[in-house]
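**Student:** So I've got this file, entry_29.json, and it contains JSON, C-alpha atoms:
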[["chain", "number", "residue", "atom", "x", "y", "z"],
["A", 67, "MET", "CA", 16.05, -16.00, 10.53],
["A", 68, "THR", "CA", 12.92, -15.51, 12.61],
["A", 69, "GLY", "CA", 10.96, -12.48, 13.81],
["A", 70, "PRO", "CA", 12.76, -11.75, 17.08],
["A", 71, "ASP", "CA", 16.16, -11.56, 15.31],
["A", 72, "LEU", "CA", 14.98, -9.05, 12.74],
["A", 73, "ASP", "CA", 16.29, -5.51, 12.50],
["A", 74, "PRO", "CA", 13.58, -3.21, 14.00],
["A", 75, "THR", "CA", 12.93, -1.50, 10.64],
["A", 76, "LEU", "CA", 12.50, -4.88, 8.96],
["A", 77, "LEU", "CA", 10.14, -5.99, 11.71],
["A", 78, "ARG", "CA", 8.00, -2.86, 11.20],
["A", 79, "LEU", "CA", 7.97, -3.49, 7.44],
["A", 80, "LEU", "CA", 7.22, -7.21, 7.62],
["A", 81, "GLY", "CA", 5.14, -7.41, 10.79],
["A", 82, "THR", "CA", 5.31, -10.37, 13.13],
["A", 83, "GLY", "CA", 3.49, -12.72, 10.78],
["A", 84, "GLU", "CA", 1.36, -13.84, 13.73],
["A", 85, "PRO", "CA", -2.45, -13.81, 13.65],
["A", 86, "GLU", "CA", -3.78, -10.48, 14.83],
["A", 87, "ILE", "CA", -7.04, -8.61, 15.25],
["A", 88, "ASP", "CA", -7.79, -5.29, 13.52],
["A", 89, "CYS", "CA", -8.03, -1.78, 15.01],
["A", 90, "ASP", "CA", -11.78, -1.93, 15.64],
["A", 91, "ALA", "CA", -11.54, -5.25, 17.46],
["A", 92, "CYS", "CA", -8.55, -3.95, 19.41],
["A", 93, "PHE", "CA", -10.56, -0.94, 20.58],
["A", 94, "ALA", "CA", -13.47, -3.18, 21.54],
["A", 95, "GLN", "CA", -11.25, -5.39, 23.71],
["A", 96, "LEU", "CA", -8.72, -2.86, 25.00],
["A", 97, "ASP", "CA", -10.42, -2.11, 28.34],
["A", 98, "ARG", "CA", -10.76, -5.79, 29.20],
["A", 99, "TYR", "CA", -7.21, -6.55, 28.05],
["A", 100, "VAL", "CA", -5.62, -3.81, 30.16],
["A", 101, "GLU", "CA", -7.55, -4.76, 33.28],
["A", 102, "LEU", "CA", -6.46, -8.39, 32.79],
["A", 103, "GLU", "CA", -2.85, -7.26, 32.36],
["A", 104, "LEU", "CA", -2.94, -5.18, 35.53],
["A", 105, "ALA", "CA", -4.52, -8.05, 37.43],
["A", 106, "GLY", "CA", -1.60, -10.26, 36.41],
["A", 107, "ALA", "CA", -3.88, -12.50, 34.36],
["A", 108, "PRO", "CA", -2.78, -14.14, 31.07],
["A", 109, "ALA", "CA", -4.22, -11.35, 28.92],
["A", 110, "ASP", "CA", -2.55, -12.55, 25.72],
["A", 111, "ALA", "CA", -4.12, -15.98, 26.04],
["A", 112, "LEU", "CA", -7.53, -14.61, 26.99],
["A", 113, "VAL", "CA", -7.60, -11.97, 24.23],
["A", 114, "PRO", "CA", -5.77, -13.65, 21.34],
["A", 115, "GLY", "CA", -4.37, -11.49, 18.58],
["A", 116, "LEU", "CA", -4.38, -8.21, 20.48],
["A", 117, "ARG", "CA", -0.69, -8.24, 21.47],
["A", 118, "ALA", "CA", 0.34, -8.92, 17.85],
["A", 119, "HIS", "CA", -1.82, -6.00, 16.76],
["A", 120, "LEU", "CA", -0.14, -3.67, 19.25],
["A", 121, "VAL", "CA", 3.26, -4.65, 17.81],
["A", 122, "GLY", "CA", 2.06, -3.73, 14.31],
["A", 123, "CYS", "CA", -0.07, -0.66, 15.00],
["A", 124, "PRO", "CA", 1.69, 2.33, 16.63],
["A", 125, "ALA", "CA", -1.55, 4.25, 17.19],
["A", 126, "CYS", "CA", -3.31, 1.43, 19.05],
["A", 127, "ALA", "CA", -0.08, 0.76, 20.96],
["A", 128, "GLU", "CA", 0.01, 4.37, 22.18],
["A", 129, "GLU", "CA", -3.60, 4.17, 23.34],
["A", 130, "HIS", "CA", -2.90, 0.89, 25.11],
["A", 131, "GLU", "CA", 0.05, 2.45, 26.94],
["A", 132, "SER", "CA", -2.04, 5.47, 27.91],
["A", 133, "LEU", "CA", -4.97, 3.44, 29.26],
["A", 134, "ARG", "CA", -2.62, 1.30, 31.27],
["A", 135, "ALA", "CA", -0.78, 4.35, 32.63],
["A", 136, "LEU", "CA", -4.02, 6.12, 33.53],
["A", 137, "LEU", "CA", -5.37, 3.11, 35.42],
["A", 138, "GLU", "CA", -2.07, 2.73, 37.23],
["A", 139, "LEU", "CA", -2.27, 6.39, 38.21],
["A", 140, "ASP", "CA", -5.85, 5.91, 39.45],
["A", 141, "SER", "CA", -4.80, 2.94, 41.55],
["A", 142, "VAL", "CA", -2.32, 5.02, 43.55],
["A", 143, "SER", "CA", -4.34, 8.23, 43.84],
["B", 138, "MET", "CA", 5.24, -24.03, 38.75],
["B", 139, "ALA", "CA", 1.74, -22.80, 39.51],
["B", 140, "PRO", "CA", -0.78, -23.19, 36.66],
["B", 141, "PRO", "CA", -1.77, -19.99, 34.88],
["B", 142, "ASP", "CA", -4.70, -18.18, 36.38],
["B", 143, "THR", "CA", -7.49, -18.66, 33.85],
["B", 144, "ASN", "CA", -10.19, -17.18, 36.04],
["B", 145, "PRO", "CA", -8.70, -13.85, 37.02],
["B", 146, "ASP", "CA", -10.24, -11.65, 39.62],
["B", 147, "VAL", "CA", -10.05, -8.12, 38.25],
["B", 148, "SER", "CA", -12.37, -6.71, 40.87],
["B", 149, "ALA", "CA", -9.49, -5.01, 42.65],
["B", 150, "LEU", "CA", -9.10, -2.74, 39.63],
["B", 151, "ALA", "CA", -12.75, -1.85, 39.33],
["B", 152, "ALA", "CA", -14.26, 0.81, 41.48],
["B", 153, "ALA", "CA", -16.47, -0.43, 44.29],
["B", 154, "PRO", "CA", -19.89, -1.51, 42.93],
["B", 155, "GLU", "CA", -21.75, 1.32, 44.62],
["B", 156, "LEU", "CA", -19.38, 3.79, 42.99],
["B", 157, "GLU", "CA", -19.90, 2.24, 39.57],
["B", 158, "GLU", "CA", -23.68, 2.11, 39.62],
["B", 159, "TRP", "CA", -24.03, 5.79, 38.73],
["B", 160, "HIS", "CA", -23.52, 4.97, 35.07],
["B", 161, "LEU", "CA", -26.89, 3.17, 35.04],
["B", 162, "ASP", "CA", -28.45, 6.63, 35.37],
["B", 163, "LEU", "CA", -27.15, 7.41, 31.88],
["B", 164, "HIS", "CA", -30.11, 5.30, 30.69],
["B", 165, "ALA", "CA", -32.53, 7.30, 32.85],
["B", 166, "SER", "CA", -34.13, 10.65, 32.11],
["B", 167, "GLY", "CA", -34.41, 14.09, 33.66],
["B", 168, "ALA", "CA", -32.20, 15.31, 36.47],
["B", 169, "ARG", "CA", -30.79, 11.85, 37.24],
["B", 170, "ARG", "CA", -29.53, 11.50, 33.69],
["B", 171, "ASP", "CA", -28.20, 15.07, 33.61],
["B", 172, "GLU", "CA", -26.21, 14.41, 36.75],
["B", 173, "ALA", "CA", -24.82, 11.16, 35.35],
["B", 174, "VAL", "CA", -23.87, 12.85, 32.06],
["B", 175, "ALA", "CA", -22.03, 15.57, 33.98],
["B", 176, "ARG", "CA", -20.19, 12.92, 35.96],
["B", 177, "LEU", "CA", -19.33, 11.05, 32.77],
["B", 178, "HIS", "CA", -17.98, 14.23, 31.20],
["B", 179, "GLY", "CA", -15.76, 14.84, 34.21],
["B", 180, "LEU", "CA", -14.34, 11.34, 33.89],
["B", 181, "LEU", "CA", -13.71, 11.78, 30.18],
["B", 182, "LEU", "CA", -12.12, 15.18, 30.67],
["B", 183, "ARG", "CA", -9.71, 13.71, 33.19],
["B", 184, "ALA", "CA", -8.65, 11.03, 30.68],
["B", 185, "ALA", "CA", -8.44, 13.49, 27.78],
["B", 186, "ARG", "CA", -6.26, 15.90, 29.79],
["B", 187, "PHE", "CA", -4.06, 12.99, 30.83],
["B", 188, "GLU", "CA", -3.52, 12.01, 27.19],
["B", 189, "VAL", "CA", -3.05, 15.52, 25.77],
["B", 190, "PHE", "CA", -0.51, 16.50, 28.39],
["B", 191, "ARG", "CA", 1.21, 13.13, 28.09],
["B", 192, "ARG", "CA", 1.76, 13.83, 24.37],
["B", 193, "ARG", "CA", 2.52, 17.55, 24.70],
["B", 194, "ASP", "CA", 6.10, 17.11, 23.46],
["B", 195, "SER", "CA", 4.67, 16.51, 19.99],
["B", 196, "LEU", "CA", 2.98, 19.95, 20.16],
["B", 197, "PRO", "CA", 5.77, 22.30, 21.31],
["B", 198, "GLN", "CA", 4.14, 25.34, 19.68],
["B", 199, "ILE", "CA", 0.84, 24.93, 21.58],
["B", 200, "SER", "CA", 0.17, 26.80, 24.83],
["B", 201, "ALA", "CA", -1.21, 25.13, 27.94],
["B", 202, "VAL", "CA", -4.54, 26.87, 27.36],
["B", 203, "GLU", "CA", -4.75, 25.52, 23.81],
["B", 204, "LEU", "CA", -3.83, 22.06, 25.05],
["B", 205, "ASP", "CA", -6.66, 22.22, 27.54],
["B", 206, "ASP", "CA", -9.05, 23.34, 24.77],
["B", 207, "LEU", "CA", -7.98, 20.27, 22.82],
["B", 208, "ALA", "CA", -8.71, 18.08, 25.85],
["B", 209, "GLN", "CA", -12.13, 19.71, 26.27],
["B", 210, "GLU", "CA", -12.98, 19.02, 22.62],
["B", 211, "ALA", "CA", -11.82, 15.44, 23.00],
["B", 212, "ALA", "CA", -13.94, 14.97, 26.12],
["B", 213, "ASP", "CA", -17.00, 16.45, 24.37],
["B", 214, "ASP", "CA", -16.57, 14.13, 21.38],
["B", 215, "ALA", "CA", -15.91, 11.14, 23.62],
["B", 216, "ALA", "CA", -19.09, 11.86, 25.60],
["B", 217, "VAL", "CA", -21.10, 11.74, 22.37],
["B", 218, "SER", "CA", -19.46, 8.41, 21.45],
["B", 219, "VAL", "CA", -19.98, 6.89, 24.88],
["B", 220, "LEU", "CA", -23.65, 7.90, 25.03],
["B", 221, "ARG", "CA", -24.22, 6.58, 21.51],
["B", 222, "ARG", "CA", -22.57, 3.25, 22.34],
["B", 223, "LEU", "CA", -23.85, 2.65, 25.88],
["B", 224, "GLY", "CA", -25.47, -0.55, 24.67],
["B", 225, "ASP", "CA", -22.04, -1.94, 23.78],
["B", 226, "PHE", "CA", -20.92, -1.93, 27.42],
["B", 227, "ARG", "CA", -21.15, -5.53, 28.57],
["B", 228, "GLY", "CA", -19.38, -5.24, 31.91],
["B", 229, "GLU", "CA", -16.23, -7.04, 30.77],
["B", 230, "SER", "CA", -14.27, -4.26, 32.45],
["B", 231, "SER", "CA", -15.24, -1.53, 34.86],
["B", 232, "PHE", "CA", -17.39, 1.20, 33.31],
["B", 233, "ARG", "CA", -14.68, 3.71, 34.14],
["B", 234, "THR", "CA", -12.06, 1.81, 32.11],
["B", 235, "TRP", "CA", -14.50, 1.33, 29.25],
["B", 236, "ALA", "CA", -15.31, 5.05, 29.15],
["B", 237, "TYR", "CA", -11.68, 6.12, 29.50],
["B", 238, "LYS", "CA", -10.69, 4.44, 26.26],
["B", 239, "PHE", "CA", -13.08, 6.67, 24.28],
["B", 240, "ALA", "CA", -11.51, 9.83, 25.70],
["B", 241, "LEU", "CA", -7.96, 8.55, 25.18],
["B", 242, "LEU", "CA", -8.76, 7.70, 21.56],
["B", 243, "GLU", "CA", -10.33, 11.11, 20.84],
["B", 244, "ALA", "CA", -7.48, 12.96, 22.54],
["B", 245, "ALA", "CA", -4.75, 10.91, 20.87],
["B", 246, "VAL", "CA", -6.25, 11.41, 17.41],
["B", 247, "LYS", "CA", -6.61, 15.17, 17.97],
["B", 248, "VAL", "CA", -3.01, 15.46, 19.16],
["B", 249, "ARG", "CA", -1.67, 13.50, 16.17],
["B", 250, "ARG", "CA", -3.70, 15.52, 13.67],
["B", 251, "ARG", "CA", -2.69, 18.80, 15.29],
["B", 252, "ALA", "CA", 0.98, 17.81, 15.29],
["B", 253, "TRP", "CA", 0.81, 17.00, 11.58],
["B", 254, "ARG", "CA", -1.46, 19.88, 10.56],
["B", 255, "GLU", "CA", 1.34, 21.91, 8.99],
["B", 256, "ARG", "CA", 3.34, 18.94, 7.79],
["B", 257, "GLU", "CA", 3.28, 17.62, 4.28],
["B", 258, "VAL", "CA", 2.35, 14.00, 3.71],
["B", 259, "THR", "CA", 3.46, 12.90, 0.27],
["B", 260, "LEU", "CA", 0.80, 10.69, -1.22],
["B", 261, "GLU", "CA", 2.81, 9.52, -4.20],
["B", 262, "PRO", "CA", 3.53, 5.80, -4.03],
["B", 263, "GLU", "CA", 6.76, 6.29, -5.99],
["B", 264, "ARG", "CA", 8.04, 8.32, -3.06],
["B", 265, "TRP", "CA", 9.35, 4.92, -2.05],
["B", 266, "GLU", "CA", 12.41, 5.64, -4.17],
["B", 267, "ASP", "CA", 13.31, 8.40, -1.70],
["B", 268, "PHE", "CA", 13.51, 5.76, 0.97],
["B", 269, "ALA", "CA", 15.70, 3.44, -1.03],
["B", 270, "HIS", "CA", 18.47, 4.28, 1.41],
["B", 271, "ALA", "CA", 16.50, 2.62, 4.21],
["B", 272, "GLY", "CA", 18.73, -0.24, 5.10],
["B", 273, "PRO", "CA", 20.77, -1.95, 7.72],
["B", 274, "GLU", "CA", 22.33, -0.03, 10.55],
["B", 275, "PRO", "CA", 26.11, -0.26, 11.03],
["B", 276, "GLY", "CA", 25.62, -2.90, 13.73],
["B", 277, "ASP", "CA", 23.42, -5.16, 11.62],
["B", 278, "ASP", "CA", 24.78, -8.44, 10.34],
["B", 279, "ALA", "CA", 25.10, -9.65, 6.75],
["B", 280, "GLU", "CA", 21.86, -11.60, 7.04],
["B", 281, "ASN", "CA", 19.87, -8.45, 7.81],
["B", 282, "ALA", "CA", 21.66, -6.62, 4.98],
["B", 283, "ALA", "CA", 20.59, -9.34, 2.54],
["B", 284, "LEU", "CA", 17.04, -9.16, 3.90],
["B", 285, "PHE", "CA", 16.90, -5.42, 3.24],
["B", 286, "GLU", "CA", 17.74, -6.06, -0.40],
["B", 287, "VAL", "CA", 14.93, -8.59, -0.74],
["B", 288, "VAL", "CA", 12.49, -6.31, 1.11],
["B", 289, "ARG", "CA", 13.35, -3.40, -1.18],
["B", 290, "ASP", "CA", 12.71, -5.63, -4.18],
["B", 291, "GLY", "CA", 9.44, -6.81, -2.65],
["B", 292, "ILE", "CA", 8.22, -3.26, -2.05],
["B", 293, "ARG", "CA", 8.92, -2.46, -5.69],
["B", 294, "THR", "CA", 7.44, -5.61, -7.22],
["B", 295, "ALA", "CA", 5.04, -7.36, -4.84],
["B", 296, "LEU", "CA", 2.83, -4.51, -3.62],
["B", 297, "THR", "CA", 0.08, -2.50, -5.27],
["B", 298, "PRO", "CA", 0.74, 1.28, -5.50],
["B", 299, "ARG", "CA", -1.79, 1.88, -2.71],
["B", 300, "GLN", "CA", -0.21, -0.75, -0.45],
["B", 301, "ARG", "CA", 3.20, 0.75, -1.15],
["B", 302, "LEU", "CA", 1.93, 4.23, -0.29],
["B", 303, "VAL", "CA", 0.46, 3.15, 3.05],
["B", 304, "LEU", "CA", 3.45, 1.01, 4.04],
["B", 305, "VAL", "CA", 5.99, 3.70, 3.21],
["B", 306, "ALA", "CA", 4.01, 6.51, 4.86],
["B", 307, "VAL", "CA", 3.21, 4.66, 8.10],
["B", 308, "VAL", "CA", 6.34, 2.56, 8.57],
["B", 309, "LEU", "CA", 9.13, 4.57, 7.00],
["B", 310, "GLU", "CA", 7.84, 8.14, 7.14],
["B", 311, "GLY", "CA", 6.21, 7.70, 10.54],
["B", 312, "VAL", "CA", 2.92, 9.29, 9.49],
["B", 313, "PRO", "CA", 0.30, 8.45, 12.14],
["B", 314, "ILE", "CA", -2.35, 6.19, 10.65],
["B", 315, "ASP", "CA", -5.15, 8.58, 11.70],
["B", 316, "VAL", "CA", -3.45, 11.45, 9.86],
["B", 317, "LEU", "CA", -3.00, 9.35, 6.74],
["B", 318, "ALA", "CA", -6.61, 8.16, 6.95],
["B", 319, "GLU", "CA", -7.85, 11.74, 7.14],
["B", 320, "ARG", "CA", -5.83, 12.81, 4.10],
["B", 321, "LEU", "CA", -6.88, 9.78, 2.07],
["B", 322, "GLY", "CA", -10.54, 10.11, 3.05],
["B", 323, "SER", "CA", -10.41, 6.72, 4.74],
["B", 324, "ASN", "CA", -10.40, 5.44, 8.33],
["B", 325, "ARG", "CA", -7.89, 3.82, 10.64],
["B", 326, "ASN", "CA", -9.30, 0.32, 10.41],
["B", 327, "ALA", "CA", -9.42, 0.27, 6.61],
["B", 328, "LEU", "CA", -5.87, 1.60, 6.31],
["B", 329, "TYR", "CA", -4.57, -0.84, 8.88],
["B", 330, "LYS", "CA", -6.10, -3.73, 6.92],
["B", 331, "MET", "CA", -4.26, -2.43, 3.84],
["B", 332, "LEU", "CA", -1.04, -2.20, 5.83],
["B", 333, "HIS", "CA", -1.58, -5.73, 7.12],
["B", 334, "ASP", "CA", -2.13, -7.05, 3.58],
["B", 335, "ALA", "CA", 1.01, -5.24, 2.39],
["B", 336, "ARG", "CA", 3.05, -6.80, 5.17],
["B", 337, "ARG", "CA", 1.65, -10.24, 4.39],
["B", 338, "ARG", "CA", 2.59, -9.92, 0.71],
["B", 339, "LEU", "CA", 6.01, -8.59, 1.56],
["B", 340, "ARG", "CA", 6.62, -11.36, 4.07],
["B", 341, "ALA", "CA", 5.60, -13.99, 1.51],
["B", 342, "HIS", "CA", 8.02, -12.43, -0.97],
["B", 343, "VAL", "CA", 10.85, -12.57, 1.56],
["B", 344, "GLU", "CA", 9.98, -16.10, 2.73],
["B", 345, "ALA", "CA", 10.12, -17.26, -0.88],
["B", 346, "SER", "CA", 13.73, -16.06, -0.97],
["B", 347, "GLY", "CA", 14.55, -18.51, 1.82],
["B", 348, "LEU", "CA", 15.99, -15.76, 4.02],
["B", 349, "LEU", "CA", 13.07, -15.72, 6.45],
["B", 350, "GLU", "CA", 11.35, -18.63, 8.13],
["B", 351, "GLU", "CA", 7.57, -18.76, 8.00],
["B", 352, "ALA", "CA", 5.95, -17.39, 11.19]]
Could you show the structure in this file as structure tokens?
**Tutor:**
Amino acid sequence: MTGPDLDPTLLRLLGTGEPEIDCDACFAQLDRYVELELAGAPADALVPGLRAHLVGCPACAEEHESLRALLELDSVS
Amino acid sequence: MAPPDTNPDVSALAAAPELEEWHLDLHASGARRDEAVARLHGLLLRAARFEVFRRRDSLPQISAVELDDLAQEAADDAAVSVLRRLGDFRGESSFRTWAYKFALLEAAVKVRRRAWREREVTLEPERWEDFAHAGPEPGDDAENAALFEVVRDGIRTALTPRQRLVLVAVVLEGVPIDVLAERLGSNRNALYKMLHDARRRLRAHVEASGLLEEA
């Protein structure tokens, strides 16, 4: 069995097993990553390890969602 | 298929250059700096309010006035952080986006801590036994059921008490990592590293069983 087939609780317990950056590095790169995402650029390739961190860290994932949502709101207002 | 864009133009997302230049006055002095600091605070307050009101369902007992106080505190703290770390801004995003993330972080942490202020967080690693029922859902297949057994064994035997505590609290109890860090006298990054190490050990334990392929 591989990661994508795992029960969600098992995935949260075991993580993705992929290389990932830590919370401090995620915060340092988050602004660049979100702008790349919104520009349709390959953010995951340009900021390696950040997506895997968001899968494993609920707090950083919330802040990523919020920054993205706020910038999307700015772009229409 | 078109090749991936490896030289993205993100300028459409950034404010026009003339609108962004105001942040350079944060390095100035006197009235110019005061004006730039006031503008920065307005930006941060907007982001903090956005975050606090976005998460207001986790604070049902808090009035709108108290929520706004929380946003004001978050904006104040974020302004201190931004001004202290101005030298870290390297222009890899717009200044606005860079500053926003400080306010969103401060606001999110304040909301999580407020939501958990009255809630107990059990810091006993053996609390794991209370979660021994954590297992497959009715729709899960036999393979996942077998994995749960191996994971339970791994949590008992492959982790240190501290790793077990952090894994159980964050993953199974849903304690926000900032809340746990505050109660353990630690910080988010240190606890996340511990969580990451716990997951790596647990994954190695499960992979050794042959039920999970190596990532």
**Student:** Taking into account all atoms listed in the file, which residue in the set A:Glu86, A:Leu80, A:Asp73, A:Val100 is nearest to His119 (chain A)?
**Tutor:** A:Glu86
**Student:** Would you mind reading off the distance between CA of Leu242 (chain B) and CA of Ala208 (chain B), one decimal, in Å?
**Tutor:**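 For CA of Leu242 (chain B) relative to CA of Ala208 (chain B), the distance reads 11.2 Å.
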**Student:** Compile the contact shell of Gly122 (chain A) as a list in words: residues with an atom at most 9 Å away, counting all atoms listed in the file, same-chain residues fewer than 5 positions apart removed.
**Tutor:**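 In the requested form, the answer reads Leu77, Arg78, Gly81, Thr82, Glu86, Arg117 and Ala127 of chain A; His333 of chain B.
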**Student:** When you get a sec, could you note down which chain A residues fall within 7 Å of chain B, using all atoms listed in the file, as a VMD selection string?
**Tutor:** chain A and resid 67 to 68 72 to 73 78 to 81 83 to 84 88 to 90 97 to 98 101 to 102 105 107 to 108 125 129 132 to 133
**Student:** Could you tell me, as a PyMOL selection string, which residues have any atom at most 8 Å from (-19.0, 16.7, 27.2), counting all atoms listed in the file?
**Tutor:** chain B and resi 174-175+177-179+181-182+209-210+212-217
**Student:** May I ask for the distance between CA of Glu255 (chain B) and CA of Thr75 (chain A), given in Å to one decimal place?
**Tutor:** 26.2 Å
**Student:** By how many Å are CA of Ile87 (chain A) and CA of Arg193 (chain B) apart?
**Tutor:**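 About the pair CA of Ile87 (chain A) and CA of Arg193 (chain B): they are 29.4 Å apart.
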